[in-house]
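Enquirer: CSV, C-alpha atoms and all ligand atoms, saved as entry-v4.csv, coming up:
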chain,number,residue,atom,x,y,z
A,13,MET,CA,43.7,39.6,58.1
A,14,THR,CA,45.3,42.9,58.7
A,15,ASP,CA,46.8,43.7,62.0
A,16,ILE,CA,48.6,47.0,62.4
A,17,ARG,CA,50.5,45.7,65.4
A,18,ASN,CA,52.4,43.3,63.2
A,19,SER,CA,52.7,45.2,60.0
A,20,GLY,CA,56.2,45.0,58.7
A,21,ALA,CA,57.3,42.9,61.6
A,22,GLU,CA,59.3,40.5,59.6
A,23,SER,CA,61.1,42.7,57.1
A,24,GLY,CA,64.7,41.5,56.4
A,25,PHE,CA,64.4,41.8,52.7
A,26,PRO,CA,67.1,43.9,51.0
A,27,ASP,CA,64.6,46.2,49.4
A,28,GLY,CA,63.0,46.8,52.7
A,29,THR,CA,59.7,45.1,51.8
A,30,ALA,CA,58.1,43.2,54.6
A,31,LYS,CA,57.4,39.6,54.0
A,32,ARG,CA,55.0,38.3,56.6
A,33,GLN,CA,55.8,35.1,58.1
A,34,PRO,CA,52.9,33.2,59.5
A,35,TYR,CA,53.0,32.8,63.3
A,36,VAL,CA,51.5,29.3,63.1
A,37,GLU,CA,51.8,27.0,60.2
A,38,LEU,CA,50.6,23.4,59.7
A,39,ARG,CA,51.9,21.6,56.7
A,40,HIS,CA,50.3,18.4,55.4
A,41,ILE,CA,49.3,17.0,58.8
A,42,ASN,CA,47.9,13.5,58.7
A,43,LYS,CA,46.6,11.6,61.7
A,44,SER,CA,44.7,8.4,61.9
A,45,PHE,CA,43.1,6.6,64.8
A,46,GLY,CA,43.0,3.0,63.6
A,47,GLU,CA,41.2,3.1,60.2
A,48,PHE,CA,39.7,6.5,60.9
A,49,LYS,CA,41.4,9.5,59.3
A,50,ALA,CA,40.9,12.4,61.8
A,51,SER,CA,43.3,14.8,60.0
A,52,ASP,CA,43.6,14.5,56.2
A,53,ASP,CA,46.4,16.5,54.7
A,54,VAL,CA,45.7,19.6,56.9
A,55,SER,CA,47.6,22.7,56.0
A,56,PHE,CA,46.9,26.3,57.1
A,57,THR,CA,48.6,29.4,58.4
A,58,VAL,CA,47.7,31.8,61.1
A,59,GLU,CA,49.1,35.3,61.3
A,60,LYS,CA,50.4,36.8,64.5
A,61,GLY,CA,47.9,38.5,66.6
A,62,SER,CA,44.9,37.1,64.8
A,63,LEU,CA,41.9,35.3,66.2
A,64,VAL,CA,41.1,32.2,64.1
A,65,GLY,CA,37.9,30.2,64.4
A,66,LEU,CA,38.2,26.5,63.5
A,67,LEU,CA,34.6,25.7,62.5
A,68,GLY,CA,33.1,22.4,61.4
A,69,PRO,CA,30.5,19.7,62.3
A,70,SER,CA,31.1,17.5,65.2
A,71,GLY,CA,33.7,14.8,64.4
A,72,SER,CA,35.3,16.7,61.6
A,73,GLY,CA,38.6,16.8,63.3
A,74,LYS,CA,38.8,20.2,65.0
A,75,THR,CA,40.0,19.0,68.4
A,76,THR,CA,42.5,16.7,66.8
A,77,ILE,CA,44.1,19.7,65.0
A,78,LEU,CA,44.2,21.7,68.3
A,79,ARG,CA,45.7,18.8,70.2
A,80,ILE,CA,48.4,18.2,67.5
A,81,LEU,CA,49.3,21.8,67.6
A,82,ALA,CA,49.5,21.8,71.4
A,83,GLY,CA,51.7,18.7,71.4
A,84,LEU,CA,49.1,16.6,73.2
A,85,GLU,CA,48.8,14.3,70.2
A,86,THR,CA,51.4,13.3,67.7
A,87,ALA,CA,50.8,13.6,63.9
A,88,ASP,CA,51.5,10.6,61.7
A,89,SER,CA,53.1,12.9,59.2
A,90,GLY,CA,53.4,16.6,58.5
A,91,GLU,CA,55.1,19.6,60.1
A,92,ILE,CA,54.1,22.1,62.7
A,93,TYR,CA,55.8,25.5,62.8
A,94,ILE,CA,55.3,28.1,65.6
A,95,ASP,CA,57.0,31.4,65.1
A,96,GLY,CA,59.1,29.9,62.3
A,97,LYS,CA,60.4,27.0,64.3
A,98,LEU,CA,59.6,23.4,63.6
A,99,VAL,CA,58.1,22.2,66.9
A,100,ASN,CA,57.2,18.5,66.0
A,101,SER,CA,59.6,17.1,68.6
A,102,ILE,CA,59.1,19.9,71.2
A,103,PRO,CA,57.0,18.6,74.2
A,104,ALA,CA,53.7,20.3,75.0
A,105,SER,CA,55.0,22.1,78.1
A,106,LYS,CA,57.8,23.8,76.0
A,107,ARG,CA,55.6,25.1,73.2
A,108,GLY,CA,54.5,28.2,75.0
A,109,ILE,CA,50.8,27.4,74.4
A,110,GLY,CA,47.8,28.2,76.7
A,111,PHE,CA,44.8,25.9,76.5
A,112,VAL,CA,41.2,26.5,77.5
A,113,PHE,CA,38.9,23.5,77.3
A,114,GLN,CA,35.1,23.2,77.0
A,115,SER,CA,34.7,21.8,80.5
A,116,TYR,CA,36.3,24.3,82.7
A,117,ALA,CA,38.9,21.9,84.0
A,118,LEU,CA,39.5,24.0,87.1
A,119,PHE,CA,41.0,22.5,90.2
A,120,ARG,CA,37.9,22.0,92.4
A,121,TYR,CA,39.7,22.3,95.7
A,122,MET,CA,41.6,25.4,94.8
A,123,THR,CA,40.4,29.0,95.0
A,124,VAL,CA,40.2,31.3,92.0
A,125,PHE,CA,43.5,32.8,93.0
A,126,ASP,CA,45.2,29.4,93.4
A,127,ASN,CA,43.8,28.1,90.1
A,128,ILE,CA,45.2,31.1,88.2
A,129,ALA,CA,48.5,30.9,90.2
A,130,PHE,CA,49.0,27.2,89.5
A,131,GLY,CA,51.2,27.5,86.4
A,132,LEU,CA,53.3,30.2,87.9
A,133,ARG,CA,54.0,28.1,91.0
A,134,THR,CA,55.1,25.1,89.0
A,135,LYS,CA,57.5,27.5,87.3
A,136,LYS,CA,58.8,28.6,90.6
A,137,VAL,CA,58.0,32.3,90.0
A,138,PRO,CA,58.7,34.4,93.2
A,139,ARG,CA,55.7,34.8,95.5
A,140,SER,CA,55.4,38.5,95.3
A,141,GLU,CA,55.5,38.4,91.5
A,142,ILE,CA,52.7,35.7,91.6
A,143,VAL,CA,50.5,37.8,93.8
A,144,GLU,CA,50.9,40.9,91.6
A,145,LYS,CA,50.3,39.0,88.4
A,146,VAL,CA,47.4,36.9,89.5
A,147,ASN,CA,45.6,40.0,91.0
A,148,GLY,CA,46.2,41.7,87.7
A,149,LEU,CA,44.7,38.8,85.8
A,150,ILE,CA,41.7,38.6,88.1
A,151,GLU,CA,41.1,42.3,87.4
A,152,LEU,CA,41.6,41.8,83.7
A,153,VAL,CA,39.0,39.1,83.4
A,154,GLY,CA,36.5,41.0,85.5
A,155,LEU,CA,36.5,38.9,88.7
A,156,ALA,CA,37.8,41.4,91.2
A,157,GLY,CA,36.8,40.5,94.7
A,158,LEU,CA,36.3,36.8,93.9
A,159,ASN,CA,39.9,35.7,94.6
A,160,GLY,CA,38.9,33.4,97.5
A,161,ARG,CA,35.9,31.7,95.8
A,162,TYR,CA,36.0,28.0,94.9
A,163,PRO,CA,34.8,26.9,91.4
A,164,ASN,CA,31.5,25.6,92.7
A,165,GLN,CA,30.7,29.1,94.0
A,166,LEU,CA,31.0,30.6,90.5
A,167,SER,CA,28.7,30.7,87.5
A,168,GLY,CA,29.6,28.9,84.3
A,169,GLY,CA,30.7,32.2,82.7
A,170,GLN,CA,32.8,33.1,85.7
A,171,ARG,CA,34.5,29.7,85.7
A,172,GLN,CA,35.4,30.1,82.1
A,173,ARG,CA,36.9,33.5,82.9
A,174,VAL,CA,39.1,31.8,85.5
A,175,ALA,CA,40.1,29.2,83.0
A,176,PHE,CA,41.0,32.0,80.6
A,177,ALA,CA,43.1,33.9,83.2
A,178,ARG,CA,44.8,30.6,84.1
A,179,ALA,CA,45.7,30.0,80.5
A,180,LEU,CA,47.1,33.5,80.2
A,181,ALA,CA,49.1,33.4,83.5
A,182,THR,CA,52.3,31.9,82.0
A,183,GLU,CA,52.2,34.4,79.1
A,184,PRO,CA,51.8,31.9,76.3
A,185,SER,CA,52.5,33.1,72.8
A,186,LEU,CA,49.6,31.1,71.4
A,187,LEU,CA,46.2,30.5,73.0
A,188,LEU,CA,44.1,27.5,72.0
A,189,LEU,CA,40.4,27.3,73.0
A,190,ASP,CA,38.4,24.2,72.4
A,191,GLU,CA,34.6,25.0,72.4
A,192,PRO,CA,35.2,27.4,75.3
A,193,PHE,CA,31.5,28.5,75.5
A,194,ALA,CA,29.8,25.2,74.8
A,195,ALA,CA,28.8,24.4,78.4
A,196,ILE,CA,27.4,27.9,79.0
A,197,ASP,CA,23.8,29.0,78.6
A,198,ALA,CA,22.9,31.0,75.5
A,199,LYS,CA,22.7,34.5,76.9
A,200,VAL,CA,25.9,34.4,78.9
A,201,ARG,CA,27.6,32.7,76.0
A,202,LYS,CA,26.8,35.7,73.7
A,203,GLU,CA,28.2,38.1,76.3
A,204,LEU,CA,31.3,36.0,76.8
A,205,ARG,CA,32.0,35.9,73.1
A,206,ALA,CA,32.1,39.6,72.8
A,207,TRP,CA,34.2,39.8,76.0
A,208,LEU,CA,36.7,37.2,74.8
A,209,LYS,CA,37.1,38.9,71.4
A,210,GLU,CA,37.7,42.3,73.0
A,211,LEU,CA,40.1,40.8,75.6
A,212,ILE,CA,42.1,38.8,73.1
A,213,GLN,CA,42.5,41.9,71.0
A,214,ARG,CA,43.6,43.9,74.0
A,215,VAL,CA,46.2,41.3,75.1
A,216,GLY,CA,47.2,40.9,71.4
A,217,ILE,CA,47.7,37.1,71.7
A,218,THR,CA,47.4,34.9,68.7
A,219,SER,CA,44.5,32.6,69.3
A,220,ILE,CA,42.7,29.7,67.7
A,221,PHE,CA,39.3,28.6,69.0
A,222,VAL,CA,37.3,25.6,68.0
A,223,THR,CA,33.5,25.8,67.6
A,224,HIS,CA,30.8,23.9,65.8
A,225,ASP,CA,28.5,27.0,66.1
A,226,GLN,CA,28.7,29.1,63.0
A,227,SER,CA,27.3,32.2,64.6
A,228,GLU,CA,30.0,32.0,67.2
A,229,ALA,CA,32.7,31.8,64.5
A,230,ILE,CA,31.2,34.5,62.4
A,231,GLU,CA,30.9,36.9,65.4
A,232,VAL,CA,34.2,36.3,67.0
A,233,ALA,CA,36.8,35.3,64.4
A,234,ASP,CA,39.0,37.4,62.1
A,235,GLN,CA,39.5,34.3,60.0
A,236,ILE,CA,37.5,31.1,59.8
A,237,ILE,CA,38.9,27.8,58.8
A,238,ILE,CA,36.2,25.2,58.0
A,239,THR,CA,36.9,21.5,58.6
A,240,ASN,CA,35.0,18.7,57.0
A,241,HIS,CA,35.9,14.9,57.3
A,242,GLY,CA,39.3,15.7,58.6
A,243,HIS,CA,40.3,18.1,55.8
A,244,ILE,CA,40.3,21.9,55.5
A,245,GLU,CA,37.3,22.8,53.3
A,246,ARG,CA,37.8,26.5,53.1
A,247,SER,CA,39.3,29.5,54.9
A,248,GLY,CA,38.6,33.2,54.7
A,249,SER,CA,37.2,36.1,56.6
A,250,PRO,CA,33.7,35.6,58.0
A,251,ILE,CA,32.2,37.9,55.4
A,252,GLU,CA,34.0,36.1,52.5
A,253,ILE,CA,32.8,32.7,53.7
A,254,TYR,CA,29.3,33.8,54.3
A,255,SER,CA,28.8,35.8,51.2
A,256,ASN,CA,30.7,33.5,48.9
A,257,PRO,CA,30.6,30.0,50.3
A,258,GLU,CA,32.0,28.5,47.0
A,259,SER,CA,31.8,24.8,47.9
A,260,SER,CA,28.7,22.7,48.1
A,261,PHE,CA,29.6,21.7,51.6
A,262,VAL,CA,30.1,25.2,52.9
A,263,THR,CA,26.9,26.4,51.1
A,264,LYS,CA,24.9,23.7,52.9
A,265,PHE,CA,26.7,24.4,56.2
A,266,ILE,CA,26.7,28.2,56.6
A,267,GLY,CA,23.7,30.5,57.0
A,268,GLN,CA,20.3,29.1,57.3
A,269,PRO,CA,20.2,26.8,54.2
A,270,THR,CA,17.2,25.1,52.7
A,271,VAL,CA,18.1,22.5,50.1
A,272,ILE,CA,15.7,22.4,47.2
A,273,GLU,CA,15.4,20.0,44.3
A,274,ASN,CA,14.7,20.9,40.7
A,275,PRO,CA,15.2,24.7,41.1
A,276,GLY,CA,14.6,25.1,37.4
A,277,ALA,CA,10.9,24.6,38.1
A,278,PHE,CA,10.7,27.9,40.1
A,279,LYS,CA,9.6,31.0,38.2
A,280,GLY,CA,12.6,33.2,37.3
A,281,PHE,CA,15.0,30.3,37.1
A,282,SER,CA,13.9,28.5,33.9
A,283,GLY,CA,17.4,28.8,32.6
A,284,ILE,CA,18.6,26.1,35.0
A,285,GLY,CA,16.6,23.6,33.0
A,286,ASN,CA,18.1,20.4,34.4
A,287,ALA,CA,15.5,18.5,36.3
A,288,GLY,CA,18.1,16.7,38.4
A,289,ALA,CA,19.6,19.9,39.8
A,290,THR,CA,19.9,20.8,43.5
A,291,ALA,CA,20.1,24.3,44.9
A,292,VAL,CA,20.4,26.0,48.3
A,293,LEU,CA,18.2,28.9,49.4
A,294,ARG,CA,18.7,31.2,52.4
A,295,PRO,CA,15.8,33.2,53.9
A,296,GLU,CA,17.5,36.5,53.0
A,297,PHE,CA,17.3,35.5,49.3
A,298,ILE,CA,13.5,35.3,49.5
A,299,SER,CA,10.8,37.8,50.1
A,300,VAL,CA,7.2,37.1,50.9
A,301,SER,CA,4.3,39.4,50.3
A,302,ARG,CA,0.5,39.4,50.3
A,303,LEU,CA,-1.2,38.9,47.0
A,304,SER,CA,-2.9,42.2,47.5
A,305,GLU,CA,0.4,44.1,47.9
A,306,PRO,CA,1.7,45.5,44.7
A,307,PHE,CA,4.8,43.8,43.3
A,308,ARG,CA,7.3,44.8,40.6
A,309,TYR,CA,8.4,41.4,39.3
A,310,GLU,CA,5.1,39.6,39.3
A,311,ILE,CA,5.9,37.4,36.3
A,312,THR,CA,9.0,35.8,38.0
A,313,ALA,CA,7.3,35.4,41.4
A,314,GLU,CA,5.7,32.2,42.7
A,315,THR,CA,2.7,31.7,44.9
A,316,GLY,CA,2.7,29.5,47.9
A,317,ILE,CA,0.8,28.5,51.0
A,318,VAL,CA,2.0,29.4,54.4
A,319,GLU,CA,2.2,26.2,56.5
A,320,ASN,CA,3.8,27.5,59.7
A,321,SER,CA,4.7,30.8,61.4
A,322,PHE,CA,7.3,31.1,64.2
A,323,PHE,CA,7.8,34.3,66.1
A,324,ARG,CA,11.5,35.1,66.3
A,325,GLY,CA,11.5,38.5,68.0
A,326,GLY,CA,12.3,40.9,65.2
A,327,ASP,CA,10.5,38.9,62.6
A,328,PHE,CA,8.3,35.9,61.9
A,329,GLU,CA,9.9,32.9,60.3
A,330,LEU,CA,7.4,31.5,57.8
A,331,ARG,CA,7.5,28.1,56.2
A,332,VAL,CA,5.8,28.4,52.8
A,333,ARG,CA,5.0,25.5,50.5
A,334,VAL,CA,5.9,26.3,46.9
A,335,ASN,CA,6.1,23.8,44.1
A,336,ASP,CA,5.7,21.0,46.6
A,337,GLN,CA,8.8,22.2,48.5
A,338,VAL,CA,8.9,24.0,51.8
A,339,LEU,CA,10.9,27.3,51.9
A,340,THR,CA,11.9,29.3,54.9
A,341,VAL,CA,11.4,33.1,54.7
A,342,ASN,CA,11.4,35.9,57.2
A,343,ARG,CA,8.7,38.5,57.5
A,344,PRO,CA,9.6,41.6,59.6
A,345,ILE,CA,7.3,42.2,62.6
A,346,THR,CA,6.8,45.7,61.3
A,347,GLU,CA,4.9,44.4,58.2
A,348,GLU,CA,1.3,43.3,58.2
A,349,ARG,CA,1.1,39.8,59.8
A,350,ILE,CA,0.7,36.8,57.5
A,351,LEU,CA,-1.0,33.7,59.1
A,352,PRO,CA,-0.7,30.0,58.3
A,353,GLY,CA,-3.1,29.0,55.5
A,354,GLU,CA,-2.7,32.2,53.6
A,355,LYS,CA,-1.8,32.1,49.9
A,356,VAL,CA,1.2,34.4,49.4
A,357,ARG,CA,3.6,35.7,46.8
A,358,ILE,CA,7.2,34.4,47.0
A,359,PHE,CA,10.0,36.1,45.2
A,360,ILE,CA,13.4,34.3,45.1
A,361,ARG,CA,16.1,36.9,44.3
A,362,SER,CA,18.9,34.4,43.9
A,363,LEU,CA,19.9,30.9,44.8
A,364,TYR,CA,23.1,28.8,45.0
A,365,LEU,CA,23.1,26.1,42.3
A,366,LEU,CA,25.1,23.1,43.4
A,367,ASP,CA,27.3,21.6,40.7
A,368,GLY,CA,29.4,18.7,42.1
A,369,ASP,CA,31.6,20.2,44.8
A,370,LYS,CA,30.9,23.8,43.7
A,371,ALA,CA,28.1,26.2,44.3
A,372,VAL,CA,27.3,29.0,41.8
A,373,THR,CA,25.0,32.0,42.4
A,374,VAL,CA,22.1,32.2,40.0
A,375,LEU,CA,20.0,35.4,39.9
A,376,ASN,CA,16.3,35.6,39.2
A,377,ASP,CA,15.6,36.4,35.5
A,378,SER,CA,14.0,39.7,36.6
A,379,LEU,CA,17.3,40.9,38.1
A,380,THR,CA,19.5,39.9,35.1
A,381,GLY,CA,17.5,41.4,32.3
A,382,ASN,CA,16.7,38.0,30.9
A,383,ASP,CA,13.1,38.8,31.5
A,384,SER,CA,11.4,41.0,29.0
A,385,ILE,CA,9.1,42.7,31.5
A,386,CYS,CA,12.1,43.7,33.6
A,387,ILE,CA,12.2,47.5,34.0
A,401,LIG,N1,42.0,9.5,70.9
A,401,LIG,C1,41.2,9.0,69.9
A,401,LIG,N2,41.1,7.7,69.7
A,401,LIG,C2,40.3,7.2,68.7
A,401,LIG,N3,39.5,8.0,67.9
A,401,LIG,C3,39.6,9.3,68.1
A,401,LIG,C4,40.5,9.9,69.1
A,401,LIG,N4,40.4,11.3,69.0
A,401,LIG,C5,39.5,11.5,68.0
A,401,LIG,N5,39.1,10.4,67.5
A,401,LIG,C6,38.1,10.3,66.3
A,401,LIG,O1,38.4,11.3,65.4
A,401,LIG,C7,37.2,12.0,65.1
A,401,LIG,C8,37.4,13.5,65.1
A,401,LIG,O2,37.5,13.9,66.4
A,401,LIG,P1,37.7,15.4,66.8
A,401,LIG,O3,39.0,15.9,66.3
A,401,LIG,O4,37.5,15.3,68.3
A,401,LIG,O5,36.5,16.1,66.1
A,401,LIG,P2,35.7,17.4,66.5
A,401,LIG,O6,36.5,18.2,67.5
A,401,LIG,O7,35.6,18.2,65.2
A,401,LIG,O8,34.4,17.0,66.9
A,401,LIG,C9,36.2,11.6,66.2
A,401,LIG,O9,34.9,11.3,65.6
A,401,LIG,C10,36.7,10.3,66.8
A,401,LIG,O10,36.1,9.2,66.2
A,402,MG,MG,36.0,18.7,69.4
Translate the structure described by the file into structure tokens.

Expert:
Amino acid sequence: MTDIRNSGAESGFPDGTAKRQPYVELRHINKSFGEFKASDDVSFTVEKGSLVGLLGPSGSGKTTILRILAGLETADSGEIYIDGKLVNSIPASKRGIGFVFQSYALFRYMTVFDNIAFGLRTKKVPRSEIVEKVNGLIELVGLAGLNGRYPNQLSGGQRQRVAFARALATEPSLLLLDEPFAAIDAKVRKELRAWLKELIQRVGITSIFVTHDQSEAIEVADQIIITNHGHIERSGSPIEIYSNPESSFVTKFIGQPTVIENPGAFKGFSGIGNAGATAVLRPEFISVSRLSEPFRYEITAETGIVENSFFRGGDFELRVRVNDQVLTVNRPITEERILPGEKVRIFIRSLYLLDGDKAVTVLNDSLTGNDSICI
């Protein structure tokens, strides 16, 4: 994650080189609820000004991490540092953290203005300052003119904007958002994602948001941290994680995976051999064509029968039975339509071969030169 706003911020080295200190650091955090281990040796760092997505299946421990960081939950062991300071024994209210929850958690009997002003009033900020600040925030989150509305007079997206403004009002140095878009319908959710990313960048506040929705994390985050059964499975930029998932778990979690058995039985992958092997395919690794269409790598292509076709807007998602397994592949709407029942050619360019905890990319023989007909 590079962020020019912070480059060289923590120099202090005699030779003038800048050593970046993480803004947030969790070291070996463990937390159990009875027998259940919700956080299992969790360590990660977050750089100042970045927007980090904590992504994982439901129950994998994301909220627990956020709550420990915020001071709403106490870790059994491990250290939490914010801005270089150990904050384990600092109460939630003194950690300088803003929190946005999934359910808007607005005060129902307070107007938009009063909801946003709440934290400032408890801090005894002078009235004129509150008015100026709250109006500025209302403007910032795009709710100008709605100061006097009550939460039930707002749409879901507008309520979440209020929650966001309220979290920013006390100028926290760290913003935590737990599934902030989960309760909002799909179209607005997409708009809010882009809005939130742009706004967080503009305000420059270090933020961590939790989601179980990979497309949300991929679109919004600078860095993704993947949780699995309470531990950190992987972290990296969205592109790194998507294009090189590395572990079996991430390979089966990210993208649109189809798990197949015995991949060595597919033409072009005879080198895999092992009959007990398992692999993961993504639609973008596969092309489908009509048998009448010319094809370059005929010898390492399969034939299959189209079982289903789903219209997805820009393309059709086809389910094609090959070697007694069903593969998912996209056919652009601009190509000639293929209907269920048709016998088609399937070419698998690559797959992820799962080997214990690891996933390794294997290319089709035609693309590696292992195939004698390869041009
Ligand atoms: N306060 C609690 N008491 C008991 N069990 C809890 C508590 N909070 C979380 N858990 C357990 O920890 C697991 C992980 O929870 P959570 O961090 O909320 O996961 P996520 O946010 O990834 O869905 C949950 O499945 C739940 O069983
Ligand atoms: Mg959660």

Enquirer: Against ligand LIG 401 (chain A), which residues of chain A fall within 10 Å? For each one I want the closest pair of atoms and the distance in Å (one decimal), counting all atoms listed in the file, rows by chain and increasing residue number, as JSON lines.

Expert:
{"residue": "A:Lys43", "atom": "CA", "partner": "A:LIG401", "partner_atom": "O1", "distance": 9.0}
{"residue": "A:Ser44", "atom": "CA", "partner": "A:LIG401", "partner_atom": "O1", "distance": 7.8}
{"residue": "A:Phe45", "atom": "CA", "partner": "A:LIG401", "partner_atom": "C2", "distance": 4.8}
{"residue": "A:Gly46", "atom": "CA", "partner": "A:LIG401", "partner_atom": "C2", "distance": 7.1}
{"residue": "A:Glu47", "atom": "CA", "partner": "A:LIG401", "partner_atom": "N3", "distance": 9.3}
{"residue": "A:Phe48", "atom": "CA", "partner": "A:LIG401", "partner_atom": "O1", "distance": 6.7}
{"residue": "A:Lys49", "atom": "CA", "partner": "A:LIG401", "partner_atom": "O1", "distance": 7.0}
{"residue": "A:Ala50", "atom": "CA", "partner": "A:LIG401", "partner_atom": "O1", "distance": 4.5}
{"residue": "A:Ser51", "atom": "CA", "partner": "A:LIG401", "partner_atom": "O3", "distance": 7.7}
{"residue": "A:Leu66", "atom": "CA", "partner": "A:LIG401", "partner_atom": "O7", "distance": 8.9}
{"residue": "A:Leu67", "atom": "CA", "partner": "A:LIG401", "partner_atom": "O7", "distance": 8.0}
{"residue": "A:Gly68", "atom": "CA", "partner": "A:LIG401", "partner_atom": "O7", "distance": 6.2}
{"residue": "A:Pro69", "atom": "CA", "partner": "A:LIG401", "partner_atom": "O7", "distance": 6.1}
{"residue": "A:Ser70", "atom": "CA", "partner": "A:LIG401", "partner_atom": "O8", "distance": 3.7}
{"residue": "A:Gly71", "atom": "CA", "partner": "A:LIG401", "partner_atom": "O8", "distance": 3.4}
{"residue": "A:Ser72", "atom": "CA", "partner": "A:LIG401", "partner_atom": "O7", "distance": 3.9}
{"residue": "A:Gly73", "atom": "CA", "partner": "A:LIG401", "partner_atom": "O3", "distance": 3.2}
{"residue": "A:Lys74", "atom": "CA", "partner": "A:LIG401", "partner_atom": "O7", "distance": 3.8}
{"residue": "A:Thr75", "atom": "CA", "partner": "A:LIG401", "partner_atom": "O6", "distance": 3.7}
{"residue": "A:Thr76", "atom": "CA", "partner": "A:LIG401", "partner_atom": "O3", "distance": 3.6}
{"residue": "A:Ile77", "atom": "CA", "partner": "A:LIG401", "partner_atom": "O3", "distance": 6.5}
{"residue": "A:Leu78", "atom": "CA", "partner": "A:LIG401", "partner_atom": "O3", "distance": 8.0}
{"residue": "A:Arg79", "atom": "CA", "partner": "A:LIG401", "partner_atom": "O3", "distance": 8.3}
{"residue": "A:Ile80", "atom": "CA", "partner": "A:LIG401", "partner_atom": "O3", "distance": 9.8}
{"residue": "A:Glu85", "atom": "CA", "partner": "A:LIG401", "partner_atom": "N1", "distance": 8.4}
{"residue": "A:Asp190", "atom": "CA", "partner": "A:LIG401", "partner_atom": "O6", "distance": 8.0}
{"residue": "A:Glu191", "atom": "CA", "partner": "A:LIG401", "partner_atom": "O6", "distance": 8.6}
{"residue": "A:Val222", "atom": "CA", "partner": "A:LIG401", "partner_atom": "O6", "distance": 7.5}
{"residue": "A:Thr223", "atom": "CA", "partner": "A:LIG401", "partner_atom": "O6", "distance": 8.2}
{"residue": "A:His224", "atom": "CA", "partner": "A:LIG401", "partner_atom": "O7", "distance": 7.5}
{"residue": "A:Thr239", "atom": "CA", "partner": "A:LIG401", "partner_atom": "O7", "distance": 7.5}
{"residue": "A:Asn240", "atom": "CA", "partner": "A:LIG401", "partner_atom": "O7", "distance": 8.2}
{"residue": "A:His241", "atom": "CA", "partner": "A:LIG401", "partner_atom": "C8", "distance": 8.1}
{"residue": "A:Gly242", "atom": "CA", "partner": "A:LIG401", "partner_atom": "C8", "distance": 7.1}

Enquirer: Calculate how many Å separate atom CA of A:Asn335 from atom CA of A:Gly276, rounding to one decimal.

Expert: 10.9 Å

Enquirer: What's around A:Arg171 at 10 Å? Count only C-alpha atoms, leave out sequence neighbours fewer than 5 positions away in its own chain, and write the answer as a list of chain:residue names.

Expert: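 The contact residues come out as A:Ser115, A:Tyr116, A:Ala117, A:Leu118, A:Val124, A:Leu155, A:Tyr162, A:Pro163, A:Asn164, A:Gln165, A:Leu166, A:Phe176, A:Ala177, A:Ile196.
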
Enquirer: Can you tell me, as an MDAnalysis selection string, what residues are no more than 9 Å from A:Ile360 when counting all atoms listed in the file, ignoring any on the same chain fewer than 3 positions away?

Expert: chainID A and resid 278:280 293 297:300 312:314 363 375:376

Enquirer: Counting all atoms listed in the file, figure out which residue out of A:Leu365, A:Ala175, A:Leu188, A:Ile128 gets nearest to A:Gly160.

Expert: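 Ranking A:Leu365, A:Ala175, A:Leu188, A:Ile128 by distance to A:Gly160, first place goes to A:Ile128.
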
Enquirer: With only C-alpha atoms and all ligand atoms as the atoms that count, which of A:Pro257, A:Pro34, A:Gly154, A:Pro192 lies nearest to ligand MG 402 (chain A)?

Expert: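 Among A:Pro257, A:Pro34, A:Gly154, A:Pro192, it is A:Pro192 that comes nearest to ligand MG 402 (chain A).
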
Enquirer: Expressed in Å to a single decimal, how great is the separation between atom CA of A:Ala289 and atom CA of A:Ile266?

Expert: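 About the pair atom CA of A:Ala289 and atom CA of A:Ile266: they are 20.0 Å apart.
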
Enquirer: Just the number, please: distance in Å from atom CA of A:Ile345 to atom CA of A:Val200, one decimal.

Expert: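 Separation between atom CA of A:Ile345 and atom CA of A:Val200: 25.9 Å.
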
Enquirer: Tell me which protein, DNA and RNA residues are within 9 Å of stretch 105-111 of chain A, counting all atoms listed in the file, leaving out same-chain ones fewer than 3 positions away, and put them as a ChimeraX atom specification.

Expert: /A:81-83,94,99,102,175-176,178-190

Enquirer: From the options A:Phe130, A:Phe113, A:Phe265, A:Phe56, which residue's atoms come nearest to ligand MG 402 (chain A), counting all atoms listed in the file?

Expert: A:Phe113

Enquirer: From the list A:Pro306, A:Gly326, A:Gly216, A:Pro269, which residue is nearest A:Leu339 when using all atoms listed in the file?

Expert: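 When distances to A:Leu339 are compared using all atoms listed in the file, the smallest one comes from A:Pro269.
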
Enquirer: So that I can see what lies close to A:Ala195, please list as a count of residues only the residues with an atom at most 7 Å from it, counting all atoms listed in the file and leaving out residues fewer than 2 positions away in the same chain.

Expert: 4

Enquirer: Just checking: using all atoms listed in the file, which residue out of A:Ala156, A:Val292, A:Val64, A:Ala194 ends up closest to ligand MG 402 (chain A)?

Expert: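 Closest to ligand MG 402 (chain A) of all the choices is A:Ala194.
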